[in-house]
Structure formats: structure tokens, C-alpha cells
$ cat structure03.cif   # mmCIF, C-alpha atoms (C1' of nucleotides)
data_target
#
loop_
_atom_site.label_atom_id
_atom_site.label_comp_id
_atom_site.auth_asym_id
_atom_site.auth_seq_id
_atom_site.Cartn_x
_atom_site.Cartn_y
_atom_site.Cartn_z
CA MET A 1 33.53 -0.85 -12.86
CA GLU A 2 32.97 1.82 -15.45
CA ALA A 3 29.22 1.65 -14.91
CA MET A 4 29.74 2.28 -11.21
CA ILE A 5 32.03 5.24 -11.77
CA ASN A 6 29.63 6.74 -14.29
CA LEU A 7 26.83 6.48 -11.77
CA ILE A 8 28.92 8.12 -9.06
CA LEU A 9 30.03 10.94 -11.36
CA GLN A 10 26.40 11.98 -11.76
CA PHE A 11 26.56 13.23 -8.19
CA GLY A 12 29.79 15.19 -8.30
CA ASP A 13 33.20 15.45 -9.94
CA LEU A 14 36.19 13.23 -9.25
CA ASN A 15 39.64 13.49 -10.80
CA LYS A 16 41.56 10.51 -12.10
CA GLN A 17 43.52 10.12 -8.90
CA GLN A 18 40.37 10.02 -6.85
CA ILE A 19 38.78 7.46 -9.17
CA GLU A 20 41.89 5.32 -8.93
CA PHE A 21 41.73 5.55 -5.16
CA LEU A 22 38.09 4.48 -5.17
CA LEU A 23 38.76 1.53 -7.43
CA SER A 24 41.71 0.43 -5.30
CA LYS A 25 39.25 -0.16 -2.46
CA VAL A 26 36.74 -2.16 -4.42
CA GLU A 27 36.39 -5.92 -4.31
CA MET A 28 34.44 -8.21 -6.63
CA LEU A 29 32.16 -10.73 -4.93
CA GLU A 30 29.65 -13.29 -6.11
CA PHE A 31 26.44 -14.30 -4.43
CA LYS A 32 24.52 -17.41 -5.35
CA LYS A 33 20.76 -17.25 -5.58
CA HIS A 34 19.23 -17.12 -2.08
CA GLU A 35 22.45 -16.03 -0.39
CA TYR A 36 22.35 -12.96 1.80
CA LEU A 37 24.31 -9.79 1.21
CA SER A 38 23.23 -8.80 4.71
CA GLU A 39 20.88 -10.27 7.27
CA ALA A 40 18.34 -9.07 9.79
CA GLY A 41 19.94 -8.96 13.21
CA LYS A 42 23.45 -8.60 11.80
CA ILE A 43 25.55 -5.58 10.97
CA PRO A 44 25.76 -4.96 7.21
CA ARG A 45 29.32 -5.48 5.98
CA TYR A 46 29.25 -3.95 2.54
CA VAL A 47 28.12 -1.23 0.25
CA ALA A 48 27.57 -3.11 -2.99
CA PHE A 49 27.16 -2.13 -6.62
CA VAL A 50 25.21 -4.68 -8.65
CA VAL A 51 27.14 -5.69 -11.75
CA GLU A 52 24.90 -8.64 -12.56
CA GLY A 53 21.77 -10.08 -11.01
CA VAL A 54 18.94 -8.93 -8.79
CA PHE A 55 18.71 -8.42 -5.04
CA ARG A 56 15.70 -7.85 -2.86
CA PHE A 57 15.10 -6.36 0.58
CA CYS A 58 12.80 -8.51 2.68
CA TYR A 59 11.64 -9.13 6.22
CA TYR A 60 9.15 -11.20 8.17
CA ASN A 61 6.10 -9.45 9.54
CA ASN A 62 4.36 -10.33 12.80
CA LYS A 63 2.40 -13.09 11.06
CA SER A 64 5.70 -14.59 9.90
CA GLU A 65 4.87 -13.79 6.33
CA GLU A 66 7.87 -12.96 4.20
CA ILE A 67 7.49 -9.48 2.76
CA THR A 68 9.59 -8.18 -0.11
CA ASN A 69 10.20 -4.49 0.27
CA TYR A 70 12.25 -3.55 -2.73
CA PHE A 71 14.24 -4.83 -5.67
CA VAL A 72 17.66 -3.68 -6.86
CA ASP A 73 19.07 -4.74 -10.18
CA GLU A 74 22.10 -4.10 -12.40
CA GLY A 75 23.69 -0.70 -12.34
CA ASN A 76 22.52 0.31 -8.87
CA PHE A 77 23.96 0.35 -5.39
CA VAL A 78 22.39 -2.01 -2.92
CA VAL A 79 22.93 -1.42 0.80
CA ASP A 80 20.98 -1.09 4.01
CA ASN A 81 22.39 2.40 4.18
CA GLU A 82 21.13 3.48 7.56
CA LYS A 83 22.38 0.39 9.34
CA PHE A 84 25.61 0.21 7.37
CA GLU A 85 26.55 3.77 8.30
CA SER A 86 25.65 3.35 11.95
CA GLN A 87 26.94 -0.22 12.07
CA MET A 88 23.82 -1.37 13.87
CA ALA A 89 21.93 -4.62 13.43
CA ALA A 90 19.75 -4.55 10.32
CA SER A 91 16.02 -5.22 10.46
CA GLU A 92 15.82 -6.57 6.94
CA TYR A 93 17.52 -9.16 4.82
CA VAL A 94 19.20 -8.26 1.54
CA GLN A 95 19.04 -11.42 -0.51
CA ALA A 96 20.25 -12.42 -3.95
CA VAL A 97 17.21 -13.29 -6.05
CA THR A 98 19.40 -14.60 -8.85
CA ASP A 99 23.10 -15.41 -9.01
CA CYS A 100 24.80 -12.05 -8.61
CA LYS A 101 28.11 -10.33 -9.20
CA VAL A 102 28.77 -7.23 -7.12
CA LEU A 103 31.48 -4.71 -6.42
CA VAL A 104 31.76 -4.11 -2.70
CA PHE A 105 33.34 -1.68 -0.28
CA ASN A 106 33.78 -2.68 3.34
CA LYS A 107 33.11 -0.26 6.18
CA LYS A 108 36.77 0.52 6.88
CA ASP A 109 37.55 1.38 3.26
CA TRP A 110 34.27 3.23 2.85
CA ASP A 111 35.14 5.46 5.80
CA GLU A 112 38.64 5.93 4.46
CA ILE A 113 37.19 7.18 1.21
CA SER A 114 35.12 9.73 3.14
CA ASN A 115 38.25 10.94 4.91
CA THR A 116 40.28 11.11 1.73
CA ILE A 117 38.09 12.49 -1.02
CA VAL A 118 36.92 16.04 -0.35
CA GLY A 119 33.25 16.36 -1.18
CA TRP A 120 32.61 12.62 -1.00
CA GLU A 121 30.23 12.95 1.96
CA MET A 122 28.14 15.38 -0.04
CA MET A 123 28.09 13.08 -3.06
CA LYS A 124 27.01 10.19 -0.87
CA ALA A 125 24.25 12.28 0.64
CA LYS A 126 22.97 13.17 -2.81
CA MET A 127 23.00 9.55 -3.90
CA VAL A 128 21.11 8.43 -0.84
CA LYS A 129 18.57 11.21 -1.30
CA LYS A 130 18.03 10.24 -4.91
CA CYS A 131 17.57 6.57 -4.03
CA LEU A 132 15.16 7.23 -1.20
CA THR A 133 13.14 9.65 -3.30
CA LEU A 134 12.88 7.13 -6.11
CA ALA A 135 11.93 4.33 -3.73
CA MET A 136 9.26 6.58 -2.26
CA GLU A 137 7.83 7.47 -5.65
CA ARG A 138 7.64 3.81 -6.50
CA ARG A 139 6.08 2.77 -3.26
CA SER A 140 3.49 5.50 -2.78
CA PRO A 141 1.17 4.43 -5.60
CA LEU A 142 1.16 0.91 -4.17
CA ILE A 143 -1.07 2.11 -1.36
CA SER A 144 -3.89 3.86 -3.14
CA GLU A 145 -4.29 1.87 -6.35
CA ASP A 146 -6.03 -1.45 -6.90
CA ALA A 147 -4.01 -4.62 -7.40
CA THR A 148 -4.20 -4.64 -11.20
CA THR A 149 -2.93 -1.07 -11.42
CA ARG A 150 -0.18 -1.88 -8.93
CA TYR A 151 0.96 -4.80 -11.04
CA LEU A 152 1.01 -2.73 -14.20
CA SER A 153 3.03 0.01 -12.54
CA PHE A 154 5.45 -2.60 -11.23
CA ILE A 155 6.08 -3.73 -14.78
CA LYS A 156 6.75 -0.14 -15.75
CA ALA A 157 9.09 0.50 -12.85
CA PHE A 158 11.02 -2.76 -13.27
CA PRO A 159 10.45 -3.74 -16.91
CA ASN A 160 13.18 -6.35 -17.15
CA LEU A 161 12.56 -7.95 -13.78
CA ILE A 162 9.24 -9.66 -14.18
CA ASN A 163 10.66 -12.72 -15.93
CA ARG A 164 13.62 -13.14 -13.64
CA ILE A 165 12.05 -13.24 -10.21
CA PRO A 166 9.51 -15.50 -8.51
CA LEU A 167 5.95 -14.32 -8.65
CA SER A 168 5.60 -14.69 -4.90
CA TYR A 169 8.19 -11.95 -4.35
CA VAL A 170 6.34 -9.59 -6.65
CA ALA A 171 3.07 -10.46 -4.92
CA SER A 172 4.30 -9.53 -1.46
CA TYR A 173 5.95 -6.41 -2.88
CA LEU A 174 2.59 -5.38 -4.28
CA GLY A 175 0.71 -6.37 -1.15
CA VAL A 176 -1.40 -9.21 -2.59
CA THR A 177 -1.29 -12.99 -2.36
CA GLN A 178 0.37 -14.80 -5.19
CA GLN A 179 -2.95 -16.47 -6.05
CA SER A 180 -4.53 -13.08 -6.54
CA LEU A 181 -1.61 -11.89 -8.62
CA SER A 182 -1.78 -14.98 -10.78
CA ARG A 183 -5.49 -14.34 -11.33
CA ILE A 184 -4.78 -10.72 -12.21
CA ARG A 185 -2.19 -11.74 -14.77
CA ARG A 186 -4.66 -14.07 -16.42
CA SER A 187 -7.26 -11.33 -16.68
CA ILE A 188 -4.74 -9.01 -18.35
CA HIS A 189 -3.48 -11.36 -21.06
CA MET B 1 11.65 29.36 17.18
CA GLU B 2 13.48 27.48 19.86
CA ALA B 3 11.83 24.25 18.83
CA MET B 4 13.07 24.75 15.29
CA ILE B 5 16.62 25.50 16.38
CA ASN B 6 16.66 22.49 18.67
CA LEU B 7 15.56 20.29 15.80
CA ILE B 8 18.26 21.69 13.52
CA LEU B 9 20.96 21.28 16.15
CA GLN B 10 20.34 17.55 16.17
CA PHE B 11 21.97 17.44 12.76
CA GLY B 12 25.09 19.49 13.43
CA ASP B 13 26.52 22.31 15.52
CA LEU B 14 25.88 26.00 15.05
CA ASN B 15 27.36 28.87 17.04
CA LYS B 16 25.30 31.78 18.35
CA GLN B 17 26.18 33.96 15.40
CA GLN B 18 25.02 31.33 12.96
CA ILE B 19 21.78 30.81 14.85
CA GLU B 20 21.17 34.57 14.85
CA PHE B 21 21.78 34.63 11.13
CA LEU B 22 19.30 31.81 10.58
CA LEU B 23 16.64 33.49 12.66
CA SER B 24 17.15 36.80 10.86
CA LYS B 25 15.94 35.09 7.69
CA VAL B 26 12.85 33.53 9.15
CA GLU B 27 9.33 34.84 8.71
CA MET B 28 6.17 33.87 10.57
CA LEU B 29 3.17 33.05 8.39
CA GLU B 30 -0.33 31.78 9.04
CA PHE B 31 -2.38 29.47 6.88
CA LYS B 32 -6.09 29.00 7.30
CA LYS B 33 -7.55 25.54 7.05
CA HIS B 34 -7.62 24.40 3.39
CA GLU B 35 -5.09 26.98 2.24
CA TYR B 36 -2.08 25.76 0.30
CA LEU B 37 1.52 26.11 1.37
CA SER B 38 2.39 25.00 -2.14
CA GLU B 39 0.42 23.73 -5.08
CA ALA B 40 0.75 21.13 -7.81
CA GLY B 41 1.94 22.82 -10.99
CA LYS B 42 3.55 25.70 -9.11
CA ILE B 43 7.05 26.21 -7.79
CA PRO B 44 7.22 25.82 -3.98
CA ARG B 45 8.08 29.15 -2.37
CA TYR B 46 8.99 28.14 1.16
CA VAL B 47 10.68 25.77 3.48
CA ALA B 48 8.35 25.81 6.48
CA PHE B 49 8.60 24.70 10.09
CA VAL B 50 5.24 23.89 11.65
CA VAL B 51 4.72 25.80 14.89
CA GLU B 52 1.05 25.00 15.18
CA GLY B 53 -1.34 22.92 13.13
CA VAL B 54 -1.23 20.07 10.65
CA PHE B 55 -0.39 19.95 6.95
CA ARG B 56 -0.86 17.18 4.44
CA PHE B 57 0.66 16.29 1.09
CA CYS B 58 -1.96 15.33 -1.44
CA TYR B 59 -2.56 14.85 -5.14
CA TYR B 60 -5.21 13.68 -7.57
CA ASN B 61 -4.73 10.28 -9.19
CA ASN B 62 -5.82 9.37 -12.71
CA LYS B 63 -9.33 8.63 -11.45
CA SER B 64 -9.47 12.16 -10.01
CA GLU B 65 -9.55 10.75 -6.52
CA GLU B 66 -7.83 12.93 -3.96
CA ILE B 67 -5.03 10.97 -2.31
CA THR B 68 -3.36 12.07 0.91
CA ASN B 69 0.26 11.06 0.92
CA TYR B 70 1.58 12.26 4.22
CA PHE B 71 0.89 14.34 7.28
CA VAL B 72 3.21 16.83 8.98
CA ASP B 73 2.41 18.27 12.36
CA GLU B 74 3.98 20.53 15.00
CA GLY B 75 7.70 20.51 15.40
CA ASN B 76 8.57 19.32 11.91
CA PHE B 77 9.64 20.86 8.66
CA VAL B 78 7.19 20.68 5.80
CA VAL B 79 8.41 21.22 2.26
CA ASP B 80 8.29 19.60 -1.14
CA ASN B 81 12.03 19.41 -0.86
CA GLU B 82 12.93 18.08 -4.28
CA LYS B 83 10.89 20.68 -6.11
CA PHE B 84 11.83 23.50 -3.76
CA GLU B 85 15.55 22.89 -4.28
CA SER B 86 15.24 22.55 -8.02
CA GLN B 87 12.57 25.27 -8.27
CA MET B 88 10.47 23.10 -10.53
CA ALA B 89 6.70 22.75 -10.60
CA ALA B 90 5.47 20.51 -7.80
CA SER B 91 3.33 17.47 -8.49
CA GLU B 92 1.57 17.57 -5.13
CA TYR B 93 -0.31 20.02 -3.00
CA VAL B 94 0.78 20.88 0.52
CA GLN B 95 -2.38 21.92 2.28
CA ALA B 96 -3.21 23.15 5.76
CA VAL B 97 -5.52 20.61 7.37
CA THR B 98 -6.15 22.93 10.33
CA ASP B 99 -5.35 26.57 10.89
CA CYS B 100 -1.56 26.69 10.98
CA LYS B 101 1.29 28.86 12.12
CA VAL B 102 4.62 28.31 10.40
CA LEU B 103 8.11 29.74 10.25
CA VAL B 104 9.22 30.03 6.65
CA PHE B 105 12.38 30.60 4.64
CA ASN B 106 12.11 31.73 1.06
CA LYS B 107 14.38 30.32 -1.65
CA LYS B 108 16.70 33.33 -1.82
CA ASP B 109 17.34 33.37 1.92
CA TRP B 110 17.58 29.59 2.06
CA ASP B 111 20.32 29.65 -0.56
CA GLU B 112 22.05 32.49 1.23
CA ILE B 113 22.15 30.36 4.37
CA SER B 114 23.83 27.58 2.40
CA ASN B 115 26.44 30.03 1.14
CA THR B 116 27.05 31.52 4.55
CA ILE B 117 27.02 28.72 7.09
CA VAL B 118 29.82 26.22 6.56
CA GLY B 119 28.45 22.72 6.94
CA TRP B 120 24.85 23.75 6.39
CA GLU B 121 24.54 21.72 3.19
CA MET B 122 25.60 18.62 5.08
CA MET B 123 23.14 19.32 7.88
CA LYS B 124 20.36 19.77 5.34
CA ALA B 125 21.29 16.51 3.66
CA LYS B 126 21.11 14.69 6.98
CA MET B 127 17.74 16.19 7.78
CA VAL B 128 16.33 15.20 4.42
CA LYS B 129 17.71 11.69 4.77
CA LYS B 130 16.15 11.32 8.20
CA CYS B 131 12.77 12.54 6.97
CA LEU B 132 12.73 10.33 3.91
CA THR B 133 13.79 7.31 5.94
CA LEU B 134 11.04 7.93 8.47
CA ALA B 135 8.44 8.46 5.77
CA MET B 136 9.54 5.22 4.16
CA GLU B 137 9.30 3.28 7.40
CA ARG B 138 5.81 4.60 7.90
CA ARG B 139 4.67 3.90 4.41
CA SER B 140 6.09 0.43 3.89
CA PRO B 141 3.74 -1.38 6.30
CA LEU B 142 0.79 0.26 4.58
CA ILE B 143 1.30 -2.02 1.61
CA SER B 144 1.47 -5.45 3.13
CA GLU B 145 -0.91 -5.25 6.09
CA ASP B 146 -4.69 -5.43 6.12
CA ALA B 147 -6.76 -2.30 6.61
CA THR B 148 -7.34 -2.79 10.34
CA THR B 149 -3.64 -3.19 11.02
CA ARG B 150 -2.89 -0.16 8.87
CA TYR B 151 -5.34 1.94 10.85
CA LEU B 152 -3.85 0.83 14.16
CA SER B 153 -0.33 1.60 13.00
CA PHE B 154 -1.50 5.01 11.81
CA ILE B 155 -2.71 5.77 15.31
CA LYS B 156 0.69 4.76 16.64
CA ALA B 157 2.62 6.82 14.13
CA PHE B 158 0.44 9.93 14.54
CA PRO B 159 -1.15 9.54 17.99
CA ASN B 160 -2.38 13.10 18.37
CA LEU B 161 -3.65 13.52 14.85
CA ILE B 162 -6.63 11.23 14.68
CA ASN B 163 -9.04 13.66 16.34
CA ARG B 164 -7.87 16.69 14.42
CA ILE B 165 -8.19 15.62 10.83
CA PRO B 166 -11.05 14.44 8.61
CA LEU B 167 -11.50 10.71 8.39
CA SER B 168 -11.48 10.86 4.62
CA TYR B 169 -7.88 12.07 4.64
CA VAL B 170 -6.83 9.20 6.86
CA ALA B 171 -8.76 6.78 4.66
CA SER B 172 -6.95 7.77 1.48
CA TYR B 173 -3.64 7.81 3.33
CA LEU B 174 -4.30 4.22 4.36
CA GLY B 175 -5.55 3.22 0.95
CA VAL B 176 -9.16 2.43 1.87
CA THR B 177 -12.49 4.17 1.33
CA GLN B 178 -13.83 6.20 4.21
CA GLN B 179 -16.80 3.84 4.46
CA SER B 180 -14.46 0.94 5.01
CA LEU B 181 -12.47 2.88 7.56
CA SER B 182 -15.62 3.85 9.39
CA ARG B 183 -16.64 0.20 9.49
CA ILE B 184 -13.21 -0.78 10.77
CA ARG B 185 -13.38 1.75 13.57
CA ARG B 186 -16.73 0.41 14.67
CA SER B 187 -15.37 -3.13 14.79
CA ILE B 188 -12.46 -1.99 16.97
CA HIS B 189 -14.44 -0.09 19.60
"C1'" DG C 1 16.29 -38.31 -19.38
"C1'" DG C 2 13.75 -38.90 -15.41
"C1'" DC C 3 12.78 -37.89 -10.58
"C1'" DA C 4 12.21 -34.57 -7.02
"C1'" DT C 5 11.43 -29.99 -5.83
"C1'" DT C 6 9.72 -25.67 -6.48
"C1'" DT C 7 6.71 -22.42 -8.72
"C1'" DT C 8 2.53 -21.10 -10.86
"C1'" DT C 9 -2.11 -21.70 -11.99
"C1'" DT C 10 -6.73 -22.96 -11.07
"C1'" DA C 11 -10.84 -23.89 -8.31
"C1'" DC C 12 -13.74 -23.28 -4.51
"C1'" DC C 13 -15.82 -20.66 -0.95
"C1'" DA C 14 -15.29 -17.22 2.96
"C1'" DT C 15 -14.08 -12.66 4.01
"C1'" DT C 16 -12.98 -8.11 3.06
"C1'" DT C 17 -13.44 -4.06 0.59
"C1'" DG C 18 -15.68 -1.00 -2.90
"C1'" DG C 19 -19.59 1.72 -4.69
"C1'" DT C 20 -24.02 3.90 -4.28
"C1'" DA C 21 -27.22 5.98 -1.50
"C1'" DA C 22 -29.43 7.58 2.42
"C1'" DA C 23 -29.51 8.81 7.36
"C1'" DT C 24 -27.34 10.79 11.12
"C1'" DG C 25 -24.11 13.87 13.28
"C1'" DT C 26 -21.18 17.87 13.36
"C1'" DT C 27 -19.45 22.31 12.08
"C1'" DT C 28 -19.86 26.73 9.85
"C1'" DT C 29 -22.40 30.53 8.25
"C1'" DT C 30 -25.98 33.71 8.23
"C1'" DA D 1 -31.25 29.76 16.51
"C1'" DA D 2 -31.91 28.20 12.02
"C1'" DA D 3 -30.10 27.01 7.73
"C1'" DA D 4 -26.59 25.39 5.05
"C1'" DA D 5 -22.60 22.92 4.28
"C1'" DC D 6 -19.77 19.30 5.42
"C1'" DA D 7 -18.38 14.86 7.74
"C1'" DT D 8 -19.38 10.38 9.43
"C1'" DT D 9 -21.96 6.35 9.90
"C1'" DT D 10 -24.90 2.82 8.26
"C1'" DA D 11 -27.06 -0.30 4.93
"C1'" DC D 12 -27.16 -2.89 0.90
"C1'" DC D 13 -25.25 -5.46 -2.75
"C1'" DA D 14 -21.39 -6.10 -6.12
"C1'" DA D 15 -16.67 -6.87 -6.81
"C1'" DA D 16 -12.15 -7.94 -5.32
"C1'" DT D 17 -9.14 -10.37 -2.49
"C1'" DG D 18 -7.78 -14.01 0.95
"C1'" DG D 19 -7.25 -18.87 2.41
"C1'" DT D 20 -7.05 -23.72 1.58
"C1'" DA D 21 -6.18 -27.24 -1.48
"C1'" DA D 22 -5.04 -29.58 -5.54
"C1'" DA D 23 -3.46 -29.76 -10.35
"C1'" DA D 24 -0.32 -28.23 -13.82
"C1'" DA D 25 3.94 -26.33 -15.22
"C1'" DA D 26 8.64 -25.21 -14.73
"C1'" DT D 27 13.03 -25.83 -12.74
"C1'" DG D 28 16.86 -28.08 -10.60
"C1'" DC D 29 19.35 -32.25 -9.59
"C1'" DC D 30 21.22 -36.86 -10.04
#

$ encode --input "structure03.cif" --output "C-alpha cells"
Amino acid sequence: MEAMINLILQFGDLNKQQIEFLLSKVEMLEFKKHEYLSEAGKIPRYVAFVVEGVFRFCYYNNKSEEITNYFVDEGNFVVDNEKFESQMAASEYVQAVTDCKVLVFNKKDWDEISNTIVGWEMMKAKMVKKCLTLAMERRSPLISEDATTRYLSFIKAFPNLINRIPLSYVASYLGVTQQSLSRIRRSIH
Amino acid sequence: MEAMINLILQFGDLNKQQIEFLLSKVEMLEFKKHEYLSEAGKIPRYVAFVVEGVFRFCYYNNKSEEITNYFVDEGNFVVDNEKFESQMAASEYVQAVTDCKVLVFNKKDWDEISNTIVGWEMMKAKMVKKCLTLAMERRSPLISEDATTRYLSFIKAFPNLINRIPLSYVASYLGVTQQSLSRIRRSIH
DNA sequence: GGCATTTTTTACCATTTGGTAAATGTTTTT
DNA sequence: AAAAACATTTACCAAATGGTAAAAAATGCC
């Protein structure tokens, strides 16, 4: 819980009362590997903070290939923000890649927090901006570089992920087949 | 000017006084093709609204290849937002691809607007979120699809751009060489 | 521990893309 | 209009990546 509060406090100040209020709304949930935090076609139920484990965003393209869009690991919020806020059907899955422990807020409580804590909307906006900017910075180089460079920059961006997640997820994240990625890894070592 | 106000009003309400105040801070500038709205290594001076023309974000990668990151055309704001807000040196260029007319706000006036119009910060945050989300949606498919699909989706995303900008810019945006893109176009027609 | 399942590696060849260079086409300048 | 500069296409071959399949390795399950 402390890790979550520390993260939040980077985006604005909260007094003890406000922190207590936040924590009173939080619920601890567990997701087994392969379970979905939210699903394409369904309305996302939670904003989640990852205490333990790794999630990924993924979807199926028009060739029915499964594409991994992004990874979220410990110490970060994971949510399909746009669809959670608007309570519309998501277009992506958010899936546990490993067994996970998360702290969640449901929509009702999340809205109540907005209506209770002055400045919370602004803090949320800053957090979302930061996340999107980071995601963008990570994704942009994936377009212009060759596969080897993409793999190396993945390792830099997610240093403690490479041994915890299937290679096929990394491959689709990087935009190559897993056979190619396997070949690339051999040529590096 | 009306187009700009209409865009802004999608993200919150402003009364006539507030709109007048906004417009009192705006300045009309022109950029010739190839001129920079802001440059890598320099602090961005303006938030700009494109009245006429096309801009691109670009940078040089570690192989000194020029990479185009994004295009912005009429009716949209163009700004290196993160670096403009923080007044830090930008890492990308924002260059006029055609002759352009823009409405600009400088940093001093932009801050004054924040301090004057209640709710402006929130409106700004929403605008930024929308832009980043859109950019993300456009960029994500560029990773997992093949070059032909990427080119076709570019045409969909920027239908009236393809005849106004050099092919080489599109090529680097899509992550292929211009020779490959030229070949792809031939195979389509 | 051993079997079944999943994941990763390897091999093979087809296809796509990259790199170099030259030819053609277009725009800008004088 | 001609020359110069720039942009696009084409050609050729090399290199990288994709697709199919099978083997090897790792993991999960009873």
C-alpha cells in the first residue's frame, strides 16, 4: 500500500485524512496466471495497482494473431483508462502474465474519491499523462529500428521482465515472430 | 480562430469573456516549408494551432537517420507539450512540411491563461490526454503489421496528407525505406 | 518421478525488406 | 527556358524476416 501512496504523492499532495480515505476504498485481489483483469468487449471494472506480478495488454488483429501491446509490472497502475473512465467496452484484454496481487478501486469508489478529494482530478490527469508519455517513448523506437535493436531496447526498458514472461509475448510486442526473436537472441549471446 | 475555439470548447466550457481573453493572447505566425517551429536542443517557445499546412515531429537516431515521428495538420494543436510545459530542451524537431500558418501562444501568456481561467488546467489535461491517446492508437498498429498494411492504415489515418508530403517522410514514419515504400505503392496500384 | 503440455530452439526455404546505384520525374531557382 | 536541386522510381543483389515443421528444453500436473 505504501508503494502505491508514494507513487500517487509524486503527482500532488495529500494529507493523512485523504490518504486514509483513499486506503479505505482499496481492495486486495489476486489474479492467477492467464486470468483477465479486464476483457475486450467488456467494461473494465477496476483501476489496479500491481503489488506483485506482471500484466500485459493484448488484442487480436484482423489475422487473428494475438498482439501484446504493453507490459505493466510491480509498482505501477494498470488500467484501460479510457474505457474505465467512460465505462465503455474495452478493445483490449488486460491479462495476468504471472500470478498477480493487485490493489483495486472499483468505479463507484473511484468516482467518490474524485468528488471528495480536492485536486484529485488534476493528480489523475498528471498520472495518465505521465503513463501515456512513457508508453509513447517506449513504443516509438519500435517502429524505426531493426529487430535486434528493438530487442535490446526492450531489455533496457523492462530489465527484470525478460525472464518472467513467455518469449512469444515479447516477440509480438516487438513486432517479430518468436522464431526470429529466438534467432536474434542466439546471435547476441 | 473559430476553428481553434471550437476545438477547445470540446474539452470544457468558456464564457465570452474568457474566449476574448484567450484570443487577446494569440498571435498569427507563418512558417515556410522546412522552417522549425521548435528544435531539438532548444526550449520550445510556442503552443501552436495549425490554421494551414502540415508539420512533422522528427529526430535523428543513432545511425543519423532522420526519423519522422508524427504529422500534424490543419485544425490541430502542435507542440512538444512535455518540453514546452517544463521549458526544457526538446529532443525532437517540429518542422513545417509545407508553408504553414499558425496561431501561437508564448509561454508567458500560456501560463497567464492558466492563472486566469478557472478550469483551464483541467481542459488542457483533457486535450493532452486525447492527443496522446490518439497518437498511441495510430502508432501501435505500425509495430505489428507488415509494411503494406501500415501504408494503407496511414492513408486512412491521414487521408489528405499523402499528396502533400514527401514520400521519404512517410517511409520513415512507417518504419521502411523509401525504396520499399515506392515498391509497395506500385504493387497496390 | 514420470507423463503430458507448453515453450523455445533449430532447420529449411520462400518472401520481404534493406542498401547501393542509376534513371526518371518533378520542383525550384536563375 | 534552362539549369540545378530535389524527389521518386526502378533494378540488382544481399540481408533480414516470415512460415512451416520438427526437435529439444522447460514447465506443470498427477

$ resolve_selection --input "structure03.cif" --expression "the PyMOL selection byres ((chain D and resi 3-10) around 10)" --output "list in words"
Pro166, Leu167, Ser168, Gln178, Gln179, Ser182, Arg183 and Arg186 of chain B; DA22, DA23, DT24, DG25, DT26, DT27, DT28, DT29 and DT30 of chain C; DA1, DA2, DA11 and DC12 of chain D

$ closest_atom_pairs --input "structure03.cif" --of "chain A" --to "chain B" --cutoff "12 Å" --atoms "all atoms listed in the file" --output "CSV"
residue,atom,partner,partner_atom,distance
A:Phe57,CA,B:Ser140,CA,11.8
A:Cys58,CA,B:Ser140,CA,11.2
A:Tyr59,CA,B:Pro141,CA,11.1
A:Tyr60,CA,B:Ser144,CA,10.8
A:Asn61,CA,B:Ser144,CA,8.9
A:Asn62,CA,B:Glu145,CA,9.9
A:Lys63,CA,B:Glu145,CA,9.9
A:Glu65,CA,B:Ser144,CA,9.6
A:Glu66,CA,B:Ser144,CA,9.9
A:Ile67,CA,B:Ser144,CA,7.3
A:Thr68,CA,B:Ser144,CA,9.2
A:Asn69,CA,B:Ser140,CA,7.4
A:Tyr70,CA,B:Ser140,CA,9.9
A:Asp80,CA,B:Thr133,CA,11.2
A:Asn81,CA,B:Thr133,CA,10.1
A:Glu82,CA,B:Thr133,CA,8.4
A:Lys83,CA,B:Thr133,CA,11.5
A:Ser91,CA,B:Glu137,CA,11.3
A:Glu92,CA,B:Glu137,CA,11.8
A:Gly119,CA,B:Met122,CA,10.1
A:Trp120,CA,B:Met122,CA,11.1
A:Glu121,CA,B:Met122,CA,8.0
A:Met122,CA,B:Met122,CA,6.6
A:Met123,CA,B:Met122,CA,10.2
A:Lys124,CA,B:Ala125,CA,9.7
A:Ala125,CA,B:Ala125,CA,6.0
A:Lys126,CA,B:Ala125,CA,7.5
A:Met127,CA,B:Lys129,CA,10.4
A:Val128,CA,B:Lys129,CA,7.3
A:Lys129,CA,B:Lys129,CA,6.1
A:Lys130,CA,B:Glu82,CA,9.4
A:Cys131,CA,B:Leu132,CA,10.0
A:Leu132,CA,B:Leu132,CA,6.5
A:Thr133,CA,B:Leu132,CA,7.3
A:Leu134,CA,B:Leu132,CA,10.5
A:Ala135,CA,B:Met136,CA,8.3
A:Met136,CA,B:Met136,CA,6.6
A:Glu137,CA,B:Met136,CA,10.2
A:Arg138,CA,B:Met136,CA,10.9
A:Arg139,CA,B:Ser140,CA,7.5
A:Ser140,CA,B:Asn69,CA,7.4
A:Pro141,CA,B:Asn61,CA,9.1
A:Leu142,CA,B:Ile143,CA,6.5
A:Ile143,CA,B:Gly175,CA,5.2
A:Ser144,CA,B:Gly175,CA,4.5
A:Glu145,CA,B:Gly175,CA,7.5
A:Asp146,CA,B:Gly175,CA,9.1
A:Ala147,CA,B:Ile143,CA,10.8
A:Thr149,CA,B:Asn62,CA,10.9
A:Arg150,CA,B:Ile143,CA,10.6
A:Tyr169,CA,B:Ser144,CA,12.0
A:Val170,CA,B:Ser144,CA,11.7
A:Ala171,CA,B:Ser144,CA,9.6
A:Ser172,CA,B:Ser144,CA,6.8
A:Tyr173,CA,B:Ser144,CA,7.6
A:Leu174,CA,B:Ile143,CA,6.9
A:Gly175,CA,B:Ser144,CA,4.4
A:Val176,CA,B:Ser144,CA,7.4
A:Thr177,CA,B:Ser144,CA,9.7

$ closest_residue --input "structure03.cif" --among "A:Leu14, A:Ile188, A:Arg56, A:Ile165" --to "chain C" --atoms "all atoms listed in the file"
A:Ile165

$ residues_around --input "structure03.cif" --residues "Leu29 (chain A)" --least-positions-apart "4" --cutoff "9 Å" --atoms "all atoms listed in the file" --output "ChimeraX atom specification"
/A:100-104

$ residues_near_point --input "structure03.cif" --point "(-3.4, -29.4, -3.8)" --cutoff "12 Å" --atoms "all atoms listed in the file" --output "PyMOL selection string"
(chain C and resi 9-11) or (chain D and resi 20-24)
